[in-house]
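Visitor: Structure file structure_27.txt (compact mmCIF, C-alpha atoms and all ligand atoms) is given on the next line.
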```txt
# COMPACT_ATOMS: atom_id res chain seq x y z
CA MET A 1 -22.61 1.68 -4.71
CA LYS A 2 -18.84 1.45 -4.87
CA TYR A 3 -18.24 0.81 -1.13
CA ARG A 4 -20.86 -1.88 -0.47
CA HIS A 5 -18.26 -4.14 1.11
CA ARG A 6 -17.93 -1.77 4.07
CA ASN A 7 -19.77 -2.50 7.35
CA GLU A 8 -21.51 0.87 7.32
CA PRO A 9 -22.69 2.09 3.94
CA GLY A 10 -22.29 5.61 2.74
CA LEU A 11 -19.70 8.26 2.19
CA LEU A 12 -19.44 9.53 5.77
CA PRO A 13 -18.07 6.28 7.27
CA LEU A 14 -15.61 6.12 4.42
CA LEU A 15 -14.44 9.68 5.04
CA VAL A 16 -14.07 9.00 8.76
CA GLU A 17 -11.93 5.97 8.03
CA VAL A 18 -9.77 7.81 5.51
CA LEU A 19 -9.24 10.84 7.73
CA GLU A 20 -8.62 8.97 10.96
CA GLY A 21 -5.06 9.54 12.06
CA THR A 22 -4.43 12.42 9.71
CA ALA A 23 -3.32 15.77 11.01
CA ASN A 24 -5.48 18.87 11.09
CA LEU A 25 -3.45 21.06 8.81
CA SER A 26 -6.00 23.78 8.22
CA GLY A 27 -4.19 26.90 7.16
CA ALA A 28 -1.35 24.93 5.60
CA ALA A 29 0.75 27.27 3.50
CA CYS A 30 1.71 24.45 1.15
CA ALA A 31 -1.84 23.88 -0.05
CA GLY A 32 -1.85 23.98 -3.82
CA ARG A 33 1.95 24.07 -4.13
CA PRO A 34 3.03 20.42 -4.19
CA GLU A 35 5.56 21.11 -6.94
CA LEU A 36 7.89 22.72 -4.42
CA PHE A 37 7.57 20.06 -1.71
CA ASP A 38 7.61 16.86 -3.74
CA GLU A 39 10.48 14.43 -3.84
CA ALA A 40 12.96 14.60 -6.70
CA GLY A 41 11.63 13.61 -10.06
CA ALA A 42 13.35 10.82 -11.96
CA ASP A 43 15.06 13.18 -14.38
CA GLU A 44 15.42 16.17 -12.09
CA ASP A 45 18.91 17.39 -11.29
CA VAL A 46 19.98 17.81 -7.67
CA GLN A 47 20.49 21.57 -7.85
CA THR A 48 16.96 22.11 -9.12
CA VAL A 49 15.54 19.93 -6.36
CA ARG A 50 17.56 21.82 -3.74
CA TYR A 51 16.36 25.14 -5.11
CA ARG A 52 12.69 24.25 -4.88
CA HIS A 53 13.11 22.52 -1.52
CA ARG A 54 14.70 25.68 -0.10
CA ALA A 55 11.68 27.63 -1.34
CA ALA A 56 9.42 25.05 0.33
CA VAL A 57 11.30 25.33 3.64
CA ARG A 58 10.81 29.11 3.55
CA ILE A 59 7.07 28.58 3.07
CA CYS A 60 6.99 26.20 6.04
CA ALA A 61 8.74 28.79 8.20
CA ARG A 62 5.73 31.09 7.96
CA CYS A 63 3.05 28.38 8.01
CA THR A 64 0.46 28.64 10.76
CA ALA A 65 0.18 24.83 10.85
CA LEU A 66 3.90 24.25 11.41
CA ASP A 67 3.63 22.88 14.97
CA ARG A 68 0.78 20.53 14.08
CA CYS A 69 2.56 19.45 10.92
CA ARG A 70 5.77 18.74 12.82
CA ALA A 71 3.90 16.70 15.44
CA TRP A 72 2.27 14.67 12.70
CA ALA A 73 5.54 14.24 10.78
CA GLU A 74 7.22 12.83 13.87
CA THR A 75 4.67 10.00 13.90
CA GLN A 76 5.43 8.99 10.32
CA LYS A 77 7.86 6.20 9.59
CA GLU A 78 8.91 7.51 6.23
CA LEU A 79 8.28 10.72 4.40
CA ARG A 80 10.41 9.79 1.39
CA GLY A 81 12.19 12.73 -0.15
CA MET A 82 9.64 15.41 0.52
CA VAL A 83 9.85 18.67 2.42
CA VAL A 84 7.63 18.37 5.47
CA ALA A 85 7.34 20.65 8.47
CA GLY A 86 10.25 22.78 7.35
CA ARG A 87 12.64 19.87 6.96
CA ALA A 88 14.21 19.08 3.62
CA PRO A 89 15.52 15.61 2.85
CA ARG A 90 19.19 14.92 2.36
CA LEU A 91 19.87 14.51 -1.29
CA ARG A 92 22.46 12.34 -2.90
CA GLY A 93 24.68 13.96 -5.46
CA ALA A 94 26.37 17.31 -5.49
CA GLN A 95 27.11 18.82 -2.11
CA PRO A 96 25.30 21.95 -1.06
CA HIS A 97 27.21 25.18 -1.66
CA SER A 98 27.63 25.75 2.09
CA GLU A 99 29.35 22.37 2.50
CA ARG A 100 31.63 22.98 -0.49
CA LYS A 101 32.84 26.26 1.02
CA ASN A 102 34.00 24.48 4.17
CA GLN A 103 36.23 22.11 2.23
CA ARG A 104 38.39 24.76 0.58
S1 LIG B 1 4.68 23.24 7.83
FE1 LIG B 1 5.18 23.11 5.65
S2 LIG B 1 4.61 21.03 5.01
FE2 LIG B 1 3.63 21.44 7.00
S3 LIG B 1 1.59 22.20 6.48
FE3 LIG B 1 2.89 23.98 6.72
S4 LIG B 1 3.67 24.45 4.67
FE4 LIG B 1 2.84 22.37 4.63
```
Could you spell out this file's structure in structure tokens?
Guide:
Amino acid sequence: MKYRHRNEPGLLPLLVEVLEGTANLSGAACAGRPELFDEAGADEDVQTVRYRHRAAVRICARCTALDRCRAWAETQKELRGMVVAGRAPRLRGAQPHSERKNQR
């Protein structure tokens, strides 16, 4: 068996260890839609990333797991450049349209 080095054999102890400390995000509206929430791809332009992150934030706004997700997110040291719990990362590069308007 693959996990023979573990103190307790079997899949259940492994699952318990893997899932310990993870949030219960049952009902997560993002399930199956990672392409909207993921960090910027290496060749992806900033405007495209902003567009999909805005769509992701709208999905979070109507997610039934939002409070649990936010509580979990606050315990994480780093969430890289992903959208989590309705919060989009700050992106380097072109300023958002709303910020450009204020500079005119
Ligand atoms: S709040 Fe957003 S990131 Fe968190 S589970 Fe819901 S849809 Fe996913």
Visitor: Could you tell me how far atom CA of A:Thr22 sits from atom CA of A:Gly10, in Å to one decimal place?
Guide: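 Separation between atom CA of A:Gly10 and atom CA of A:Thr22: 20.3 Å.
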Visitor: From the set A:Arg70, A:Arg50, A:Arg58, A:Arg33, which residue has the shortest atom-to-atom contact distance to A:Arg92, counting all atoms listed in the file?
Guide: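 Checking each candidate against A:Arg92, we get A:Arg50 as the closest.
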Visitor: Grab the atom CA of A:Arg68 to atom CA of A:Gly86 distance for me, in Å with one decimal place.
Guide: 11.8 Å
Visitor: Go through A:Leu91, A:Cys60, A:Ala55, A:Val16 and flag the residue nearest ligand LIG 1 (chain B), using all atoms listed in the file for the distances.
Guide: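 Answer, going by the shortest atom-to-atom distance: A:Cys60.
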Visitor: For ligand LIG 1 (chain B), which residue out of A:Ala61, A:Ala88, A:Leu12, A:Leu66 is the nearest one, using only C-alpha atoms and all ligand atoms?
Guide: A:Leu66
Visitor: I want to know what sits within 12 Å of A:Asp67, based on all atoms listed in the file, with residues of the same chain fewer than 2 positions away left out; could you give that as a VMD selection string?
Guide: chain A and resid 23 to 28 60 to 65 69 to 74 84 to 86
Visitor: List the residues sitting within 12 Å of (14.0, 21.0, -3.6) in the file's frame, using only C-alpha atoms, as a ChimeraX atom specification.
Guide: /A:34-41,44-58,81-84,86-91,96
Visitor: Find, counting only C-alpha atoms and all ligand atoms, the residue in A:Leu11, A:Leu79, A:Leu19, A:Ala29 that gets nearest to ligand LIG 1 (chain B).
Guide: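 Closest residue, counting only C-alpha atoms and all ligand atoms: A:Ala29.
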Visitor: Using all atoms listed in the file, pick whichever of A:Ile59, A:Asp43, A:Gly21, A:Pro13 has the shortest atom-to-atom distance to ligand LIG 1 (chain B).
Guide: A:Ile59
Visitor: From the set A:Gly93, A:Pro9, A:Leu14, A:Ala31, which residue has the shortest atom-to-atom contact distance to ligand LIG 1 (chain B), counting all atoms listed in the file?
Guide: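 Closest to ligand LIG 1 (chain B), using all atoms listed in the file: A:Ala31.
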Visitor: Edge lengths and centre in Å to one decimal, as JSON, of the axis-aligned box that encloses all listed atoms of ligand LIG 1 (chain B) with 6 Å added on every side?
Guide:
```
{"center_x": 3.4, "center_y": 22.7, "center_z": 6.2, "size_x": 15.6, "size_y": 15.4, "size_z": 15.2}
```
Visitor: Calculate how many Å separate atom CA of A:Val18 from atom CA of A:Gln76, rounding to one decimal.
Guide: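 Atom CA of A:Val18 sits 16.0 Å away from atom CA of A:Gln76.
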